[in-house]
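Colleague: Sharing start_23.cif, mmCIF, C-alpha atoms and all ligand atoms:
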```
data_coords
loop_
_atom_site.label_atom_id
_atom_site.label_comp_id
_atom_site.auth_asym_id
_atom_site.auth_seq_id
_atom_site.Cartn_x
_atom_site.Cartn_y
_atom_site.Cartn_z
CA MET A 139 3.39 18.54 21.13
CA THR A 140 2.91 21.74 19.12
CA ASP A 141 5.37 20.44 16.51
CA VAL A 142 3.54 17.13 16.34
CA ARG A 143 0.18 18.83 15.77
CA GLU A 144 1.64 21.15 13.16
CA GLY A 145 3.02 18.07 11.41
CA VAL A 146 -0.38 16.34 11.55
CA ASP A 147 -2.18 19.46 10.26
CA ALA A 148 0.30 19.88 7.37
CA LEU A 149 0.00 16.21 6.49
CA ASP A 150 -3.80 16.40 6.51
CA ARG A 151 -3.63 19.30 4.04
CA GLU A 152 -1.42 17.17 1.79
CA LEU A 153 -3.80 14.20 2.09
CA VAL A 154 -6.79 16.33 1.06
CA SER A 155 -4.78 17.67 -1.86
CA LEU A 156 -3.93 14.11 -2.94
CA LEU A 157 -7.58 13.12 -2.56
CA ALA A 158 -8.57 16.05 -4.76
CA THR A 159 -6.28 14.58 -7.43
CA ARG A 160 -7.90 11.15 -6.90
CA PHE A 161 -11.38 12.65 -7.34
CA GLY A 162 -10.10 14.24 -10.55
CA TYR A 163 -9.45 10.71 -11.82
CA MET A 164 -13.08 9.87 -10.96
CA ARG A 165 -14.22 12.76 -13.18
CA ALA A 166 -11.99 11.34 -15.93
CA ALA A 167 -13.45 7.85 -15.41
CA ALA A 168 -16.99 9.29 -15.64
CA ARG A 169 -16.08 10.92 -18.97
CA ILE A 170 -14.46 7.74 -20.36
CA LYS A 171 -16.97 5.07 -19.27
CA PRO A 172 -19.46 4.48 -22.05
CA SER A 173 -22.41 3.36 -19.95
CA ARG A 174 -23.74 4.14 -16.47
CA ASP A 175 -23.69 0.48 -15.46
CA THR A 176 -19.90 0.40 -15.79
CA VAL A 177 -19.40 3.09 -13.11
CA ARG A 178 -19.53 0.54 -10.27
CA ASP A 179 -16.93 -2.19 -10.75
CA GLU A 180 -16.90 -4.51 -7.72
CA ASP A 181 -13.85 -6.49 -8.87
CA ARG A 182 -11.83 -3.27 -9.23
CA LYS A 183 -13.11 -2.02 -5.86
CA ALA A 184 -11.94 -5.22 -4.15
CA SER A 185 -8.56 -5.01 -5.87
CA VAL A 186 -8.05 -1.32 -4.89
CA ILE A 187 -8.88 -2.04 -1.24
CA ALA A 188 -6.68 -5.17 -1.16
CA ALA A 189 -3.75 -3.16 -2.57
CA ALA A 190 -4.18 -0.45 0.10
CA VAL A 191 -4.34 -3.09 2.85
CA GLU A 192 -1.16 -4.71 1.49
CA GLU A 193 0.60 -1.31 1.58
CA ALA A 194 -0.60 -0.88 5.18
CA ARG A 195 0.80 -4.31 6.08
CA LYS A 196 4.19 -3.38 4.59
CA ALA A 197 4.14 -0.01 6.39
CA GLY A 198 3.27 -1.64 9.72
CA ILE A 199 0.09 0.37 10.28
CA PRO A 200 -3.34 -1.05 11.26
CA GLU A 201 -4.72 -2.92 8.27
CA GLN A 202 -8.37 -2.84 9.40
CA VAL A 203 -8.26 0.96 9.76
CA ILE A 204 -6.95 1.27 6.21
CA ALA A 205 -9.56 -1.22 4.93
CA ASP A 206 -12.33 0.85 6.56
CA ILE A 207 -10.96 4.15 5.21
CA TRP A 208 -10.67 2.70 1.70
CA GLU A 209 -14.17 1.22 1.84
CA THR A 210 -15.50 4.72 2.58
CA LEU A 211 -13.17 6.34 0.03
CA VAL A 212 -14.09 4.00 -2.83
CA GLU A 213 -17.83 4.11 -2.08
CA GLY A 214 -17.63 7.93 -1.94
CA SER A 215 -15.69 7.90 -5.19
CA ILE A 216 -18.30 5.72 -6.89
CA ALA A 217 -21.11 8.03 -5.69
CA TYR A 218 -19.14 11.03 -6.99
CA GLU A 219 -18.52 9.27 -10.31
CA PHE A 220 -22.26 8.53 -10.66
CA ASP A 221 -23.03 12.21 -9.99
CA GLU A 222 -20.46 13.23 -12.60
CA TRP A 223 -21.74 10.68 -15.11
CA ASP A 224 -25.32 11.97 -14.70
CA ARG A 225 -24.26 15.65 -14.74
CA THR A 226 -22.38 15.27 -18.02
CA ARG A 227 -25.02 13.18 -19.87
CA ASP A 228 -28.52 14.13 -20.99
C1 LIG B 301 -12.50 4.74 -11.07
C2 LIG B 301 -13.22 3.65 -11.26
O1 LIG B 301 -14.57 3.60 -10.89
C3 LIG B 301 -14.94 3.16 -9.58
C4 LIG B 301 -14.10 3.74 -8.52
C5 LIG B 301 -13.09 3.03 -7.92
C6 LIG B 301 -12.10 3.68 -7.01
O2 LIG B 301 -12.47 4.65 -6.31
O3 LIG B 301 -10.93 3.26 -6.98
C7 LIG B 301 -13.01 1.64 -8.13
C8 LIG B 301 -13.93 0.97 -8.87
C9 LIG B 301 -14.99 1.63 -9.65
O4 LIG B 301 -16.27 1.15 -9.30
C10 LIG B 301 -12.71 2.45 -11.93
O5 LIG B 301 -13.51 1.66 -12.44
O6 LIG B 301 -11.48 2.27 -11.97
#
```
Could you quickly redo this structure as structure tokens?
Modeller:
Amino acid sequence: MTDVREGVDALDRELVSLLATRFGYMRAAARIKPSRDTVRDEDRKASVIAAAVEEARKAGIPEQVIADIWETLVEGSIAYEFDEWDRTRD
């Protein structure tokens, strides 16, 4: 069980590192988007979540869990992108 938990802890560190890279893309998006009303893109949000759910289906892991995680992730990313957009504009 110790090995299992060490594996989980190491994987969680990797996941947070990957998420840090993802949030970096949100900072880039905030820099690139010309107007505040383009930060939230519902069509793109739906497409990102659908793609994650499809990957979950192929991997044989619970699709609803992944849908819920991605809903939280994308909403958190949009909030972060709004903060970045506001912080970098007058
Ligand atoms: C990064 C973007 O901005 C937002 C963030 C998204 C995400 O976290 O994947 C998806 C849609 C956008 O509302 C984008 O438009 O691609």
Colleague: For a test of reading the model, state the distance in Å between atom CA of A:Pro172 and atom CA of A:Asp206, rounded to one decimal.
Modeller: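 Computing the Euclidean distance for atom CA of A:Pro172 and atom CA of A:Asp206 yields 29.7 Å.
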Colleague: As a quick test: using only C-alpha atoms and all ligand atoms, which residues lie no more than 12 Å away from ligand LIG 301 (chain B)? Give them as a tab-separated table (two decimals) with C-alpha atoms, keeping the file's coordinate frame.
Modeller:
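Result file selection-v3.tsv:
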```tsv
chain	number	residue	atom	x	y	z
A	157	LEU	CA	-7.58	13.12	-2.56
A	159	THR	CA	-6.28	14.58	-7.43
A	160	ARG	CA	-7.90	11.15	-6.90
A	161	PHE	CA	-11.38	12.65	-7.34
A	162	GLY	CA	-10.10	14.24	-10.55
A	163	TYR	CA	-9.45	10.71	-11.82
A	164	MET	CA	-13.08	9.87	-10.96
A	165	ARG	CA	-14.22	12.76	-13.18
A	166	ALA	CA	-11.99	11.34	-15.93
A	167	ALA	CA	-13.45	7.85	-15.41
A	168	ALA	CA	-16.99	9.29	-15.64
A	169	ARG	CA	-16.08	10.92	-18.97
A	170	ILE	CA	-14.46	7.74	-20.36
A	171	LYS	CA	-16.97	5.07	-19.27
A	172	PRO	CA	-19.46	4.48	-22.05
A	173	SER	CA	-22.41	3.36	-19.95
A	174	ARG	CA	-23.74	4.14	-16.47
A	175	ASP	CA	-23.69	0.48	-15.46
A	176	THR	CA	-19.90	0.40	-15.79
A	177	VAL	CA	-19.40	3.09	-13.11
A	178	ARG	CA	-19.53	0.54	-10.27
A	179	ASP	CA	-16.93	-2.19	-10.75
A	180	GLU	CA	-16.90	-4.51	-7.72
A	181	ASP	CA	-13.85	-6.49	-8.87
A	182	ARG	CA	-11.83	-3.27	-9.23
A	183	LYS	CA	-13.11	-2.02	-5.86
A	184	ALA	CA	-11.94	-5.22	-4.15
A	185	SER	CA	-8.56	-5.01	-5.87
A	186	VAL	CA	-8.05	-1.32	-4.89
A	187	ILE	CA	-8.88	-2.04	-1.24
A	188	ALA	CA	-6.68	-5.17	-1.16
A	189	ALA	CA	-3.75	-3.16	-2.57
A	190	ALA	CA	-4.18	-0.45	0.10
A	207	ILE	CA	-10.96	4.15	5.21
A	208	TRP	CA	-10.67	2.70	1.70
A	209	GLU	CA	-14.17	1.22	1.84
A	210	THR	CA	-15.50	4.72	2.58
A	211	LEU	CA	-13.17	6.34	0.03
A	212	VAL	CA	-14.09	4.00	-2.83
A	213	GLU	CA	-17.83	4.11	-2.08
A	214	GLY	CA	-17.63	7.93	-1.94
A	215	SER	CA	-15.69	7.90	-5.19
A	216	ILE	CA	-18.30	5.72	-6.89
A	217	ALA	CA	-21.11	8.03	-5.69
A	218	TYR	CA	-19.14	11.03	-6.99
A	219	GLU	CA	-18.52	9.27	-10.31
A	220	PHE	CA	-22.26	8.53	-10.66
A	222	GLU	CA	-20.46	13.23	-12.60
A	223	TRP	CA	-21.74	10.68	-15.11
```
Colleague: Just how far from atom CA of A:Met139 is atom CA of A:Glu201, in Å to one decimal?
Modeller: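 Atom-to-atom, atom CA of A:Glu201 to atom CA of A:Met139, that is 26.3 Å.
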Colleague: What gap, in Å, lies between atom CA of A:Glu192 and atom CA of A:Ile204?
Modeller: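 Between atom CA of A:Glu192 and atom CA of A:Ile204 the gap is 9.6 Å.
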Colleague: Report, as AutoDock Vina command-line options, the axis-aligned box around all atoms of stretch 218-228 of chain A present in the file, extended by 6 Å on each side; give centre and edge lengths in Å to one decimal place.
Modeller:
```
--center_x -23.5 --center_y 12.1 --center_z -14.0 --size_x 22.0 --size_y 19.1 --size_z 26.0
```
Colleague: Would you please take stretch 194-221 of chain A of the structure in the block above and write C-alpha atoms to a file as a compact mmCIF listing (two decimals), in the first residue's frame?
Modeller:
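Generated file (selection.txt):
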```txt
# COMPACT_ATOMS: atom_id res chain seq x y z
CA ALA A 194 -12.06 8.98 -20.54
CA ARG A 195 -14.32 6.63 -22.51
CA LYS A 196 -11.32 5.30 -24.47
CA ALA A 197 -9.30 4.91 -21.26
CA GLY A 198 -12.14 3.05 -19.52
CA ILE A 199 -12.41 5.47 -16.59
CA PRO A 200 -15.64 7.05 -15.25
CA GLU A 201 -16.84 9.58 -17.80
CA GLN A 202 -19.05 11.56 -15.39
CA VAL A 203 -16.13 12.06 -12.99
CA ILE A 204 -14.03 13.45 -15.83
CA ALA A 205 -16.92 15.65 -17.02
CA ASP A 206 -17.28 17.08 -13.50
CA ILE A 207 -13.52 17.67 -13.11
CA TRP A 208 -13.35 19.39 -16.51
CA GLU A 209 -16.39 21.55 -15.74
CA THR A 210 -14.57 22.81 -12.63
CA LEU A 211 -11.25 23.09 -14.46
CA VAL A 212 -12.62 25.09 -17.39
CA GLU A 213 -14.73 27.39 -15.19
CA GLY A 214 -11.67 27.98 -12.96
CA SER A 215 -9.60 28.64 -16.07
CA ILE A 216 -12.12 31.17 -17.37
CA ALA A 217 -12.16 32.97 -13.99
CA TYR A 218 -8.35 33.01 -14.01
CA GLU A 219 -8.30 34.30 -17.58
CA PHE A 220 -10.72 37.12 -16.63
CA ASP A 221 -8.45 38.05 -13.71
```
